[in-house]
Amino acid sequence: MHIPGRRLLSIVALGAVAALSVAARPAARYLDNGLARTPPMGWNSWNKFGCNVSEQLVRETADAMVASGMRDAGYQYVTIDDCWQVARSAQGPIVVDSARFPHGMKALADYVHGKGLKFGIYTDAGRKTCEGRPGSYGFEAVDAKTYAGWGVDYVKIDWCNSEGLDAKTQYTIFRDALAASGRQIVFSICEWGSNQPWEWAPAVGNLWRTTGDIADRWSSVMTLVDLSSQYWHVARPGAWNDPDMLEVGNGGMTRTEYRSHFSLWAMMAAPLIAGNDVRAMNDSTRAAADIRDILLNRDVIAVDQDSLGIQGKIVQASPSELQVWVKPLADGSRAVLLFNRASVPSTITANWGTIGLKTKKARVRDLWAHTEQAVVENFTSAPVPSHGVVMLRVWPIAN
Ligand code: GLA
């Protein structure tokens with residue numbers, strides 16, 4: 001059949017429009033500040049150290065991020081969570097705890113930058129932080145300018161002591177204050193998913209918590225996965241669902257469970273913010289080796305950091321505790337997670353059709369065993385331990 005040139009063009013154009021409207025996600029609803037084009041990676045003090053933060057801890061952690069290989073694996077942001085601030089001065093600027101940070105935040109940011117890393121800080125959009133330190137309510141512009149002056153690259157903004165305030169309004173004030181600060185600052189919204197942030201936060205911040213706080217136990221990880229996985233369709237480059245920071249290495253879960261925790265975060269295109277004591281990662285213990293194997297697994301990190309920025313989702317759950325997750329990747333391959341939530345080992349099978357392949361043959365790489373099979377036909381099937389995963393990357397082979 002002959003189709004005249006112009007008509008052919010318009011058919012192609014129509015097809016492109018249709019494809020776009022299916023694939024995504026109206027630009028106007030997204031912040032698009034050019035930052036966090038892949039999910040942010042870094043470290044945050046809270047999960048391991050709580051209020052016990054100091055200049056010394058941050059410097060030693062930055063050193064260890066380099067020595068352990070964390071920086072070179074992609075972990076960038078070194079973020080001080082709650083408890084670095086003690087008061088607000090009469091003129092407005094926040095006052096840093098000078099006993100714990102004797103050289104001030106600018107010098108610390110310089111140190112972190114000197115290591116090839118980026119510097120993050122925490123505040124609260126309400127009147128006080130969760131630990132009762134001064135919040136930023138009413139001082140958003142002052143604080144944004146202060147952070148920019150220190151060289152802050154990332155701000156996590158909490159929601160404690162915000163009674164009577166509207167989350168979308170307050171976080172939007174902060175977005176505009178950060179935009180006016182003169183510095184490019186990644187904006188991490190932390191209101192624990194309590195005001196449907198997936199509906200408004202993509203236009204306000206780069207990432208938004210979808211859940212309450214993580215705890216270092218399996219049941220907590222499952223709760224967060226069940227919440228954050230629901231909003232897979234909202235995520236895209238620059239705008240990420242945040243099921244909270246990692247607990248890998250903090251001791252409350254088995255090696256199998258930590259691998260699953262990390263794999264699930266990668267499948268969900270979640271921020272990978274380590275929450276362990278990075279200084280202990282080079283110890284010659286089995287525990288330290290396990291942590292390195294997990295946090296430095298570049299195959300799994302590549303799934304999280306894939307440039308398409310599509311959050312993976314569940315495509316098979318029958319019975320519900322035996323799941324298959326799929327995340328499409330930029331090179332046409334798919335990350336596939338066989339995930340056993342049950343309390344007994346089980347075999348999980350995924351057909352190529354179910355994971356969205358149109359070919360009969362595929363090349364398959366096991367992202368934890370680091371093995372590869374050149375040609376696999378029709379399906380994959382593997383024994384999966386209780387609370388464990390088998391994580392694969394599957395490349396279609398043209399028929
Ligand atoms: C809240 C946040 C945590 C942490 C603490 C600090 O609970 O959700 O991630 O920042 O506050 O007080």
# chains A, B, ... in the order shown; residues from 1 in each chain; ligands from 1
$ closest_atom_pairs --of "chain A" --to "ligand 1" --cutoff "8 Å" --atoms "only C-alpha atoms and all ligand atoms" --output "JSON lines"
{"residue": "A:Trp46", "atom": "CA", "partner": "ligand 1", "partner_atom_place_in_ligand_line": "4 (C)", "distance": 6.0}
{"residue": "A:Asn47", "atom": "CA", "partner": "ligand 1", "partner_atom_place_in_ligand_line": "9 (O)", "distance": 7.7}
{"residue": "A:Gly50", "atom": "CA", "partner": "ligand 1", "partner_atom_place_in_ligand_line": "6 (C)", "distance": 7.1}
{"residue": "A:Cys51", "atom": "CA", "partner": "ligand 1", "partner_atom_place_in_ligand_line": "12 (O)", "distance": 7.7}
{"residue": "A:Asp81", "atom": "CA", "partner": "ligand 1", "partner_atom_place_in_ligand_line": "10 (O)", "distance": 5.7}
{"residue": "A:Asp82", "atom": "CA", "partner": "ligand 1", "partner_atom_place_in_ligand_line": "6 (C)", "distance": 4.8}
{"residue": "A:Cys83", "atom": "CA", "partner": "ligand 1", "partner_atom_place_in_ligand_line": "12 (O)", "distance": 7.5}
{"residue": "A:Tyr122", "atom": "CA", "partner": "ligand 1", "partner_atom_place_in_ligand_line": "10 (O)", "distance": 7.3}
{"residue": "A:Thr129", "atom": "CA", "partner": "ligand 1", "partner_atom_place_in_ligand_line": "12 (O)", "distance": 6.3}
{"residue": "A:Cys130", "atom": "CA", "partner": "ligand 1", "partner_atom_place_in_ligand_line": "12 (O)", "distance": 4.2}
{"residue": "A:Glu131", "atom": "CA", "partner": "ligand 1", "partner_atom_place_in_ligand_line": "12 (O)", "distance": 4.9}
{"residue": "A:Lys156", "atom": "CA", "partner": "ligand 1", "partner_atom_place_in_ligand_line": "10 (O)", "distance": 7.8}
{"residue": "A:Asp158", "atom": "CA", "partner": "ligand 1", "partner_atom_place_in_ligand_line": "2 (C)", "distance": 6.1}
{"residue": "A:Trp159", "atom": "CA", "partner": "ligand 1", "partner_atom_place_in_ligand_line": "1 (C)", "distance": 7.6}
{"residue": "A:Cys160", "atom": "CA", "partner": "ligand 1", "partner_atom_place_in_ligand_line": "1 (C)", "distance": 7.3}
{"residue": "A:Cys190", "atom": "CA", "partner": "ligand 1", "partner_atom_place_in_ligand_line": "8 (O)", "distance": 6.1}
{"residue": "A:Glu191", "atom": "CA", "partner": "ligand 1", "partner_atom_place_in_ligand_line": "8 (O)", "distance": 7.2}
{"residue": "A:Trp192", "atom": "CA", "partner": "ligand 1", "partner_atom_place_in_ligand_line": "8 (O)", "distance": 6.4}
{"residue": "A:Gly212", "atom": "CA", "partner": "ligand 1", "partner_atom_place_in_ligand_line": "8 (O)", "distance": 6.3}
{"residue": "A:Asp213", "atom": "CA", "partner": "ligand 1", "partner_atom_place_in_ligand_line": "8 (O)", "distance": 5.1}
{"residue": "A:Ile214", "atom": "CA", "partner": "ligand 1", "partner_atom_place_in_ligand_line": "9 (O)", "distance": 7.9}
{"residue": "A:Asp244", "atom": "CA", "partner": "ligand 1", "partner_atom_place_in_ligand_line": "9 (O)", "distance": 7.0}
{"residue": "A:Met245", "atom": "CA", "partner": "ligand 1", "partner_atom_place_in_ligand_line": "9 (O)", "distance": 7.6}
$ select_by_dssp --residues "range 193-248 of chain A" --states "alpha helix (DSSP H)" --output "MDAnalysis selection string"
chainID A and resid 197:200 218:228
$ residues_around --residues "range 269-285 of chain A" --least-positions-apart "3" --cutoff "7 Å" --atoms "only C-alpha atoms" --output "PyMOL selection string"
chain A and resi 39-48+60-61+64-65+68+240-243+245-250+265-266+288-289+291-292+304+309-311
$ write_last_selection --atoms "C-alpha atoms" --output "mmCIF file, in the first residue's frame"
data_model
loop_
_atom_site.group_PDB
_atom_site.id
_atom_site.type_symbol
_atom_site.label_atom_id
_atom_site.label_comp_id
_atom_site.auth_asym_id
_atom_site.auth_seq_id
_atom_site.Cartn_x
_atom_site.Cartn_y
_atom_site.Cartn_z
ATOM 1 C CA PRO A 39 17.158 8.321 42.505
ATOM 2 C CA PRO A 40 19.488 10.108 44.966
ATOM 3 C CA MET A 41 22.196 7.939 46.519
ATOM 4 C CA GLY A 42 24.114 8.747 49.661
ATOM 5 C CA TRP A 43 24.260 8.339 53.420
ATOM 6 C CA ASN A 44 22.234 9.825 56.263
ATOM 7 C CA SER A 45 23.084 9.847 59.967
ATOM 8 C CA TRP A 46 19.651 9.077 61.422
ATOM 9 C CA ASN A 47 19.144 5.304 61.243
ATOM 10 C CA LYS A 48 22.388 4.439 63.000
ATOM 11 C CA GLU A 60 35.058 10.185 59.238
ATOM 12 C CA THR A 61 32.023 9.022 57.288
ATOM 13 C CA ALA A 64 35.003 6.062 54.731
ATOM 14 C CA MET A 65 32.675 6.681 51.798
ATOM 15 C CA SER A 68 35.009 1.704 51.147
ATOM 16 C CA TRP A 240 10.773 9.677 43.280
ATOM 17 C CA ASN A 241 8.720 7.788 45.814
ATOM 18 C CA ASP A 242 10.825 7.435 48.971
ATOM 19 C CA PRO A 243 10.138 4.394 51.170
ATOM 20 C CA MET A 245 16.479 5.129 54.132
ATOM 21 C CA LEU A 246 18.286 1.811 54.134
ATOM 22 C CA GLU A 247 18.899 -0.310 57.225
ATOM 23 C CA VAL A 248 21.425 -2.605 55.494
ATOM 24 C CA GLY A 249 24.237 -3.292 57.939
ATOM 25 C CA ASN A 250 22.517 -2.235 61.152
ATOM 26 C CA TRP A 265 14.520 -0.576 46.835
ATOM 27 C CA ALA A 266 16.342 -0.906 43.500
ATOM 28 C CA ALA A 288 31.423 -6.202 56.949
ATOM 29 C CA ALA A 289 31.947 -8.337 53.840
ATOM 30 C CA ILE A 291 27.452 -5.270 53.853
ATOM 31 C CA ARG A 292 29.966 -4.550 51.090
ATOM 32 C CA ASP A 304 17.985 1.478 40.624
ATOM 33 C CA GLY A 309 13.458 6.110 35.711
ATOM 34 C CA ILE A 310 10.523 3.730 35.707
ATOM 35 C CA GLN A 311 9.548 2.308 39.096
#
$ residues_around --residues "His370 in chain A" --least-positions-apart "3" --cutoff "12 Å" --atoms "only C-alpha atoms" --output "MDAnalysis selection string"
chainID A and resid 293 297:300 364:367 373 390:393
$ write_last_selection --atoms "C-alpha atoms" --output "PDB file, in the first residue's frame"
ATOM      1  CA  ASP A 293      28.463  -7.293  48.908  1.00  0.00           C
ATOM      2  CA  ASN A 297      26.537  -4.499  44.192  1.00  0.00           C
ATOM      3  CA  ARG A 298      26.866  -2.524  40.974  1.00  0.00           C
ATOM      4  CA  ASP A 299      24.476  -4.738  39.013  1.00  0.00           C
ATOM      5  CA  VAL A 300      21.697  -3.976  41.486  1.00  0.00           C
ATOM      6  CA  VAL A 364      19.825 -13.789  31.595  1.00  0.00           C
ATOM      7  CA  ARG A 365      22.186 -12.417  34.226  1.00  0.00           C
ATOM      8  CA  ASP A 366      21.785 -13.267  37.915  1.00  0.00           C
ATOM      9  CA  LEU A 367      22.546 -10.011  39.735  1.00  0.00           C
ATOM     10  CA  GLN A 373      23.245 -17.682  30.737  1.00  0.00           C
ATOM     11  CA  VAL A 390      16.537 -14.009  42.950  1.00  0.00           C
ATOM     12  CA  MET A 391      17.251 -10.878  40.958  1.00  0.00           C
ATOM     13  CA  LEU A 392      17.803 -11.121  37.229  1.00  0.00           C
ATOM     14  CA  ARG A 393      18.429  -8.882  34.262  1.00  0.00           C
TER      15      ARG A 393
END
$ closest_residue --among "A:Gly116, A:Pro134, A:Pro202, A:Gly69" --to "Asp97 in chain A" --atoms "only C-alpha atoms"
A:Pro134
$ atom_distance --atom1 "CA of Thr79 in chain A" --atom2 "CA of Lys145 in chain A"
17.8 Å
$ closest_residue --among "A:Phe339, A:Tyr111, A:Tyr147, A:Phe49" --to "Pro383 in chain A" --atoms "only C-alpha atoms"
A:Phe339
$ residues_around --residues "Ala239 in chain A" --least-positions-apart "4" --cutoff "7 Å" --atoms "only C-alpha atoms" --output "PyMOL selection string"
chain A and resi 202+206-207+235
$ write_last_selection --atoms "N, CA and C atoms" --output "PDB file, in the first residue's frame"
ATOM      1  N   PRO A 202       5.212  15.697  43.506  1.00  0.00           N
ATOM      2  CA  PRO A 202       6.044  15.714  42.296  1.00  0.00           C
ATOM      3  C   PRO A 202       6.256  17.129  41.746  1.00  0.00           C
ATOM      4  N   ASN A 206      11.885  16.717  44.863  1.00  0.00           N
ATOM      5  CA  ASN A 206      12.516  15.679  44.042  1.00  0.00           C
ATOM      6  C   ASN A 206      12.210  14.271  44.540  1.00  0.00           C
ATOM      7  N   LEU A 207      11.884  14.164  45.826  1.00  0.00           N
ATOM      8  CA  LEU A 207      11.504  12.882  46.391  1.00  0.00           C
ATOM      9  C   LEU A 207      10.596  13.146  47.570  1.00  0.00           C
ATOM     10  N   ALA A 235       6.387   7.867  39.802  1.00  0.00           N
ATOM     11  CA  ALA A 235       7.830   8.123  39.745  1.00  0.00           C
ATOM     12  C   ALA A 235       8.307   8.399  38.330  1.00  0.00           C
TER      13      ALA A 235
END
$ residues_around --residues "Ser136 in chain A" --least-positions-apart "5" --cutoff "10 Å" --atoms "only C-alpha atoms" --output "VMD selection string"
chain A and resid 88 93 to 94 123 to 129 141 to 144 157 to 158 170 174
$ residues_around --residues "Asn195 in chain A" --least-positions-apart "3" --cutoff "9 Å" --atoms "only C-alpha atoms" --output "JSON, numbers by chain"
{"A": [166, 167, 168, 191, 192, 198, 199]}
$ write_last_selection --atoms "N, CA, C and O atoms" --output "PDB file, in the first residue's frame"
ATOM      1  N   ASP A 166      -0.764  23.403  56.487  1.00  0.00           N
ATOM      2  CA  ASP A 166      -1.091  22.589  55.317  1.00  0.00           C
ATOM      3  C   ASP A 166       0.208  22.159  54.630  1.00  0.00           C
ATOM      4  O   ASP A 166       1.044  23.001  54.287  1.00  0.00           O
ATOM      5  N   ALA A 167       0.366  20.862  54.451  1.00  0.00           N
ATOM      6  CA  ALA A 167       1.646  20.325  53.961  1.00  0.00           C
ATOM      7  C   ALA A 167       1.995  20.882  52.579  1.00  0.00           C
ATOM      8  O   ALA A 167       3.103  21.374  52.357  1.00  0.00           O
ATOM      9  N   LYS A 168       1.040  20.810  51.666  1.00  0.00           N
ATOM     10  CA  LYS A 168       1.348  21.262  50.307  1.00  0.00           C
ATOM     11  C   LYS A 168       1.770  22.737  50.315  1.00  0.00           C
ATOM     12  O   LYS A 168       2.741  23.134  49.660  1.00  0.00           O
ATOM     13  N   GLU A 191       7.014  13.955  54.837  1.00  0.00           N
ATOM     14  CA  GLU A 191       5.800  14.047  55.678  1.00  0.00           C
ATOM     15  C   GLU A 191       5.133  12.679  55.825  1.00  0.00           C
ATOM     16  O   GLU A 191       3.968  12.588  56.152  1.00  0.00           O
ATOM     17  N   TRP A 192       5.942  11.629  55.579  1.00  0.00           N
ATOM     18  CA  TRP A 192       5.597  10.236  55.891  1.00  0.00           C
ATOM     19  C   TRP A 192       4.382   9.701  55.128  1.00  0.00           C
ATOM     20  O   TRP A 192       3.706   8.773  55.580  1.00  0.00           O
ATOM     21  N   TRP A 198       1.945  11.815  46.907  1.00  0.00           N
ATOM     22  CA  TRP A 198       2.062  11.377  45.509  1.00  0.00           C
ATOM     23  C   TRP A 198       1.156  12.218  44.613  1.00  0.00           C
ATOM     24  O   TRP A 198       1.362  12.252  43.415  1.00  0.00           O
ATOM     25  N   GLU A 199       0.176  12.938  45.201  1.00  0.00           N
ATOM     26  CA  GLU A 199      -0.715  13.774  44.380  1.00  0.00           C
ATOM     27  C   GLU A 199      -0.147  15.167  44.131  1.00  0.00           C
ATOM     28  O   GLU A 199      -0.495  15.805  43.152  1.00  0.00           O
TER      29      GLU A 199
END
$ closest_residue --among "A:Ser381, A:Ser98, A:Gln91, A:Ser263" --to "Lys327 in chain A" --atoms "only C-alpha atoms"
A:Ser263
$ atom_distance --atom1 "CA of Ala177 in chain A" --atom2 "CA of Gly138 in chain A"
11.3 Å
$ closest_residue --among "A:Val234, A:Val389, A:Ala369, A:Ile294" --to "Leu337 in chain A" --atoms "only C-alpha atoms"
A:Val389
$ select_by_dssp --residues "range 62-241 of chain A" --states "strand (DSSP E or B)" --output "ChimeraX atom specification"
/A:77-79,85-88,94-96,118-124,128,134,154-158,186-189,207-209,236,239-241
$ write_last_selection --atoms "C-alpha atoms" --output "short mmCIF file (atom, residue, chain, number, x, y, z; two decimals), in the first residue's frame"
data_model
loop_
_atom_site.label_atom_id
_atom_site.label_comp_id
_atom_site.auth_asym_id
_atom_site.auth_seq_id
_atom_site.Cartn_x
_atom_site.Cartn_y
_atom_site.Cartn_z
CA TYR A 77 25.07 12.86 49.38
CA VAL A 78 26.36 12.88 52.97
CA THR A 79 23.43 14.16 55.00
CA GLN A 85 20.82 22.88 65.37
CA VAL A 86 20.33 24.35 68.85
CA ALA A 87 18.58 27.71 68.59
CA ARG A 88 17.45 30.51 66.34
CA ILE A 94 19.62 29.13 62.66
CA VAL A 95 22.34 28.45 65.22
CA VAL A 96 24.53 25.37 64.81
CA LYS A 118 27.88 16.34 48.23
CA PHE A 119 26.55 17.77 51.45
CA GLY A 120 23.02 17.41 52.84
CA ILE A 121 21.19 18.78 55.84
CA TYR A 122 17.87 18.34 57.64
CA THR A 123 15.18 20.69 58.87
CA ASP A 124 11.47 20.64 59.61
CA LYS A 128 10.25 22.37 65.78
CA PRO A 134 14.09 24.85 66.05
CA TYR A 154 20.40 18.40 49.51
CA VAL A 155 17.75 19.27 52.10
CA LYS A 156 15.47 16.81 53.84
CA ILE A 157 12.46 18.61 55.31
CA ASP A 158 10.45 16.90 58.04
CA VAL A 186 17.79 18.55 45.95
CA PHE A 187 14.51 18.77 47.88
CA SER A 188 13.54 15.73 49.98
CA ILE A 189 9.99 15.95 51.37
CA LEU A 207 11.50 12.88 46.39
CA TRP A 208 8.79 12.39 48.95
CA ARG A 209 8.43 9.87 51.73
CA ARG A 236 9.98 9.49 36.96
CA ALA A 239 10.56 12.79 41.12
CA TRP A 240 10.77 9.68 43.28
CA ASN A 241 8.72 7.79 45.81
#
$ closest_residue --among "A:Asn33, A:Thr169, A:Thr354, A:Thr380" --to "Tyr137 in chain A" --atoms "only C-alpha atoms"
A:Thr169
